[in-house]
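Reviewing the structure listed below.
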Amino acid sequence: MLIFDRSRRGRAARAQWLPEAGESPVIPDHLLRKSRPSLPEVSELDVVRHYTRLSQQNYSIDTQFYPLGSCTMKYNPKVCHDLANLPEFLNTHPLALERAGQGTLACLYELQEMLREITGMAGVSLACAAGAQGEFAGVLMIRAYHGLRGDSARTEMLVPDAAHGTNPASASMGGFQVREVATGPDGNVDLAALAQAVGPQTAGIMLTNPSTLGVFDQHVQAIADVVHKAGGLLYYDGANLNAIAGKVRPGDMGFDVIHLNLHKTFSTPHGGGGPGAGPVGVNDKLLPYLPLPVVAKDGPRYRMLTEADRPHSIGHLVTFAGNVGVLLRAYVYIRMLGREGLRRVAEFSTLNANYLLKKLVEAGFEPAFPQRLAAHEFIITLKRLAKERHVTALDFAKRLLDYGVHAPTVYFPLLIPECFLIEPTETESKDTLDRFAEVMAAILKEAETDPDRLKSAPHSLSVRRLDEVRAARHPDLAYKAE
Amino acid sequence: MPFIPHTEDDVREMLATLGVPSIEALFGEIPAELYCGELELPPALKEMEIARLMRARAQQNRPLLCFAGAGAYEHYIPAAVWAVTGRGEFYSAYTPYQAEASQGTLQVLYEYQSMMAGLTAMDVSNASLYDGATSLAEAVLMAVRTNRKSHSRRILMPKTVHPFYRRVVETIVSSQALELIELPYDIETGCIDPASLETHSDTDVAALVIPQINFFGLLEAVDELTEWAAANGAIAIALVNPMALALLKPPGEWGKTGANIACGEGQPLGIPLSGGGPYFGFMCCRKAHLHQLPGRLVGRTVDAEGKRGFTLTLQAREQHIRRGRATSNICTNQGLMVTAATIYMALLGPEGLRRVALQCHRNTLSLMNGLAAVDGVERVFSGPFFHEAVYRTRKPAREIMDGLAEQGILAGYELARDYPELGEAILVCATETRTEEEIELYVRRVASLLEL
């Protein structure tokens, strides 16, 4: 039932109505609204019950194992939420941050410094609202760097074919042509293909390491050499930093510019698809171009740098100072981990991934890269099942939902047919991993004996398999009163 | 180990299963020279310790009585909004890729899209963007893609659009060879003079941005501006405050045909000020432009048994399918913020929202009437306003800002940096949260500062 179906003319959450009495608006009649906006008319209890029930139709980290590869669905500590919501943080107007928000700025400044240390870069800006925006900022900085040197022939951005879709999208939004670089059979970038692709037209390369294939590219220094020698820059997509946090730093691998996803590695909530935060870091070469604002410390006071301080900055990417509430959560999280805790994130997410991979291989699943160690995530392929039993990765994923587990990422990376990208994260226990492996084995058996059970899954949720083709062919995107 | 559940036995058994001597061995593929050694980070804090630290930090913020708007507004947020939004099932879920296990989030987004389409009187809404400024940037890019009558890449951008929005649009479209043409305002009225558009009538323009309310809090001649756009083959982009739409004519009804795209900042709908974010941007459009709309979209469909359900749809527009040729690089939306906004709009309903908007308008009227009576203060523009207005004093604006801050009041936003032609001007806002006493206090403090 939609909230609109509960609406009754004249019903309302009257505790929220301000008194009617008072002057009429001093606004010309032709600029006033004549029609009532089509919002529901419901009581406060209607609202609370309706949305509470809707929440119960979600799988979430708080209620289910959520091994969604590339998304780092780890526990979001409640304390981070609580402390970011202290009223003094919540009630600070963005234009009063310097005047009345020194406590907030102190946290942001220290967060900048800690992220700089964790990534091995020379400077960090917290302004970007999400990972994709961080990528875009990185691309603009690369553009500004070449532009200011008068190096205008660099029109191409190299992107490995295994990359996240946002990489090529950000590169083209930043005005570059995208050139794909092939991946070798071992999951690493194909160095021969790279050598052929680079040239005087290369602006840079966007890399994720460990890559979206769940393996660490050992040749990253060689890649850096090839691209740097050609005059290009290296961009690091921080989506998989969880695998190496506290142990290996992108700056030491040779990257010039990076973005981080605080909602992944630093455990801020995913919120059903945002808000995220995508801080960017740069080495000395790109320092002048960092997006604004950047928080600076002048004696005992904090202030926001402006164009006057950073005349070559690529500028502003969001209205104000970025997703401050998200940044505060990440700050609390990092302070709680400290240096030891951060390294353990990498160690235990890697332990969990390799353990789960091993258990799944024992259960009869086929790894995409059997010769490789897993990073914090790994890929299995169900192509044999698809061929022999006509059961697809999608069918398998839907059946997992019946067992109370969120499905892994399916059909990504696009290179591996019928794949699952599985990321257990460090906050899951061995018991959870063992149970997941058992469920996977049980479904594999079902696929042999009763494949229709998978093809018609899910069976136990609030809805059965949804018709996505119909949704796209006959778009119904808003409720209309009958 | 915070948030890591492994016992020593667990680790031993897991390593035995893997047949490796240590966790370190699992990192064997990483070249040894890449290890960074001990990081210079502060030592770990226990929950009680970080709670103490953050409370001390919060105390270093100094809450001011807020009379500032300029793109972020203090509105009362009913307790139920975040009590429900903060539930772990919303808070700790991700983008609803597995529709059947995400019906809660998906239905909320569908209801949100419906409410926003209703509020703006447009056909469709996306599931949100980052914030107001990025929504305008995306609208400008979308307008160029969707305008079939013109191949122009020129956009008319009025100076009455929030200066922060204009700088973000500039950053985002800088690499796309678009030309932003600044449209001046009438110094008397503070609004775009529709007659000033005539100089652009014989040039090819892709889109016209129409802010309602404008940055000075004033009401633009939206009907005339929208009709100019329609007559000149330009896409009309409405930049609107959703709270004001409870009272003001919605973009879908502007002129004869309505605006083509409506976008703006969603923060007034139940989102705390929070130092500038997270907020959310919204974007609505007419059906004809649907396939150029950026961002997530949720559609209603049926399941295998014919039962109603919801799913992400028209994903062929998006980066994870189309990669380099997507409508935008945006991946997430601002799901949690939109959940709060949906609950806020459902709680307030059409009448409740209208009353909040009306009270904001009345409070600012009352503030400006009070200030007008003070010797040394003048209203800068004469036309009607919604809940923000500009005044000028005979003393430097900075002195007013500092003087009021000393007394615990955030006086507003100084306009001198972005609009030096206005002199010592301050943009001020009194939302429904300000009481009569607070408004009187503000006027008294300004008066006594001017007497000194």
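So you can find residues: chains in the structure tokens are A, B, ... in the order shown, residues in each start at 1, and ligands are numbered from 1 in order.
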Do you know which residues are at most 9 Å from Glu138 (chain B) counting only C-alpha atoms, after dropping those on the same chain fewer than 2 positions away, and could you put them as a PDB file with N, CA and C atoms, in the first residue's frame?
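Result written to out38.pdb:
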```pdb
ATOM      1  N   LEU B 129      19.789  13.982  -6.407  1.00  0.00           N
ATOM      2  CA  LEU B 129      21.191  14.225  -6.765  1.00  0.00           C
ATOM      3  C   LEU B 129      21.888  14.712  -5.494  1.00  0.00           C
ATOM      4  N   ALA B 133      23.280  22.906  -5.840  1.00  0.00           N
ATOM      5  CA  ALA B 133      24.181  23.411  -6.875  1.00  0.00           C
ATOM      6  C   ALA B 133      24.454  22.343  -7.933  1.00  0.00           C
ATOM      7  N   THR B 134      24.693  21.101  -7.518  1.00  0.00           N
ATOM      8  CA  THR B 134      24.966  20.056  -8.519  1.00  0.00           C
ATOM      9  C   THR B 134      23.706  19.742  -9.315  1.00  0.00           C
ATOM     10  N   SER B 135      22.525  19.910  -8.694  1.00  0.00           N
ATOM     11  CA  SER B 135      21.295  19.661  -9.458  1.00  0.00           C
ATOM     12  C   SER B 135      21.175  20.687 -10.575  1.00  0.00           C
ATOM     13  N   LEU B 136      21.593  21.922 -10.305  1.00  0.00           N
ATOM     14  CA  LEU B 136      21.535  22.937 -11.362  1.00  0.00           C
ATOM     15  C   LEU B 136      22.550  22.622 -12.465  1.00  0.00           C
ATOM     16  N   VAL B 140      21.633  21.966 -16.372  1.00  0.00           N
ATOM     17  CA  VAL B 140      22.209  22.687 -17.503  1.00  0.00           C
ATOM     18  C   VAL B 140      22.733  21.697 -18.558  1.00  0.00           C
ATOM     19  N   LEU B 141      23.444  20.670 -18.101  1.00  0.00           N
ATOM     20  CA  LEU B 141      23.963  19.662 -19.040  1.00  0.00           C
ATOM     21  C   LEU B 141      22.814  18.933 -19.728  1.00  0.00           C
ATOM     22  N   MET B 142      21.777  18.619 -18.938  1.00  0.00           N
ATOM     23  CA  MET B 142      20.624  17.912 -19.492  1.00  0.00           C
ATOM     24  C   MET B 142      19.913  18.775 -20.539  1.00  0.00           C
ATOM     25  N   ALA B 143      19.809  20.076 -20.259  1.00  0.00           N
ATOM     26  CA  ALA B 143      19.113  20.972 -21.179  1.00  0.00           C
ATOM     27  C   ALA B 143      19.788  20.968 -22.546  1.00  0.00           C
ATOM     28  N   VAL B 169      28.354  25.305 -11.062  1.00  0.00           N
ATOM     29  CA  VAL B 169      27.996  25.025 -12.461  1.00  0.00           C
ATOM     30  C   VAL B 169      29.219  25.265 -13.336  1.00  0.00           C
ATOM     31  N   ILE B 172      31.652  22.390 -13.038  1.00  0.00           N
ATOM     32  CA  ILE B 172      31.190  21.109 -13.578  1.00  0.00           C
ATOM     33  C   ILE B 172      31.060  21.151 -15.105  1.00  0.00           C
ATOM     34  N   VAL B 173      30.654  22.287 -15.659  1.00  0.00           N
ATOM     35  CA  VAL B 173      30.494  22.301 -17.118  1.00  0.00           C
ATOM     36  C   VAL B 173      31.731  22.831 -17.837  1.00  0.00           C
ATOM     37  N   MET B 283      15.492  16.840  -8.971  1.00  0.00           N
ATOM     38  CA  MET B 283      15.328  17.218 -10.366  1.00  0.00           C
ATOM     39  C   MET B 283      14.074  16.576 -10.939  1.00  0.00           C
ATOM     40  N   LEU B 293      17.162  12.533 -18.405  1.00  0.00           N
ATOM     41  CA  LEU B 293      17.208  12.811 -16.959  1.00  0.00           C
ATOM     42  C   LEU B 293      18.356  12.013 -16.335  1.00  0.00           C
ATOM     43  N   PRO B 294      19.267  12.660 -15.580  1.00  0.00           N
ATOM     44  CA  PRO B 294      20.343  11.906 -14.934  1.00  0.00           C
ATOM     45  C   PRO B 294      19.883  11.313 -13.601  1.00  0.00           C
ATOM     46  N   SER B 328      25.226  10.938 -16.991  1.00  0.00           N
ATOM     47  CA  SER B 328      26.009  11.568 -15.925  1.00  0.00           C
ATOM     48  C   SER B 328      26.882  10.492 -15.309  1.00  0.00           C
TER      49      SER B 328
END
```
If we count only C-alpha atoms and set the cut-off at 8 Å, which residues sit around Gly174 (chain A), ignoring sequence neighbours fewer than 6 positions away in its own chain? Please answer as a short mmCIF file (atom, residue, chain, number, x, y, z; two decimals) with N, CA and C atoms, in the first residue's frame.
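And here's result_28.cif as it stands now:
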```cif
data_model
loop_
_atom_site.label_atom_id
_atom_site.label_comp_id
_atom_site.auth_asym_id
_atom_site.auth_seq_id
_atom_site.Cartn_x
_atom_site.Cartn_y
_atom_site.Cartn_z
N PHE A 136 35.53 12.67 -10.64
CA PHE A 136 35.39 13.80 -11.57
C PHE A 136 36.37 14.90 -11.19
N VAL A 139 39.79 13.94 -12.31
CA VAL A 139 39.93 14.11 -13.76
C VAL A 139 40.13 15.59 -14.09
N LEU A 140 39.37 16.46 -13.43
CA LEU A 140 39.53 17.90 -13.69
C LEU A 140 40.92 18.39 -13.27
N ARG A 143 43.32 17.44 -15.91
CA ARG A 143 43.11 18.35 -17.03
C ARG A 143 43.78 19.70 -16.76
N SER B 175 34.53 21.72 -18.62
CA SER B 175 35.23 20.88 -19.60
C SER B 175 34.31 20.43 -20.73
N GLN B 176 33.08 20.95 -20.76
CA GLN B 176 32.12 20.47 -21.76
C GLN B 176 31.86 21.52 -22.84
#
```
Spatial neighbours of Ala132 (chain A), 10 Å, only C-alpha atoms, chain gap at least 2 places, as a PyMOL selection string = (chain A and resi 128-130+134-138+164-167+169-170+237+259-261+276-278) or (chain B and resi 319+328-332)
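Shortest atom-to-atom contact with Leu156 (chain B) among B:Ala231, B:Met243, B:Leu178, B:Val377: B:Leu178, counting only C-alpha atoms.
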Skipping near chain neighbours, those fewer than 6 positions away, what residues fall within 7 Å of Tyr75 (chain A) using only C-alpha atoms, listed as a PyMOL selection string?
-> chain A and resi 61+267+427
Selection to disk with C-alpha atoms, as a tab-separated table (two decimals), in the first residue's frame:
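File produced: out-v6.tsv:
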```tsv
chain	number	residue	atom	x	y	z
A	61	ILE	CA	23.69	-4.73	7.28
A	267	SER	CA	32.23	2.71	7.44
A	427	THR	CA	33.21	-7.27	10.58
```
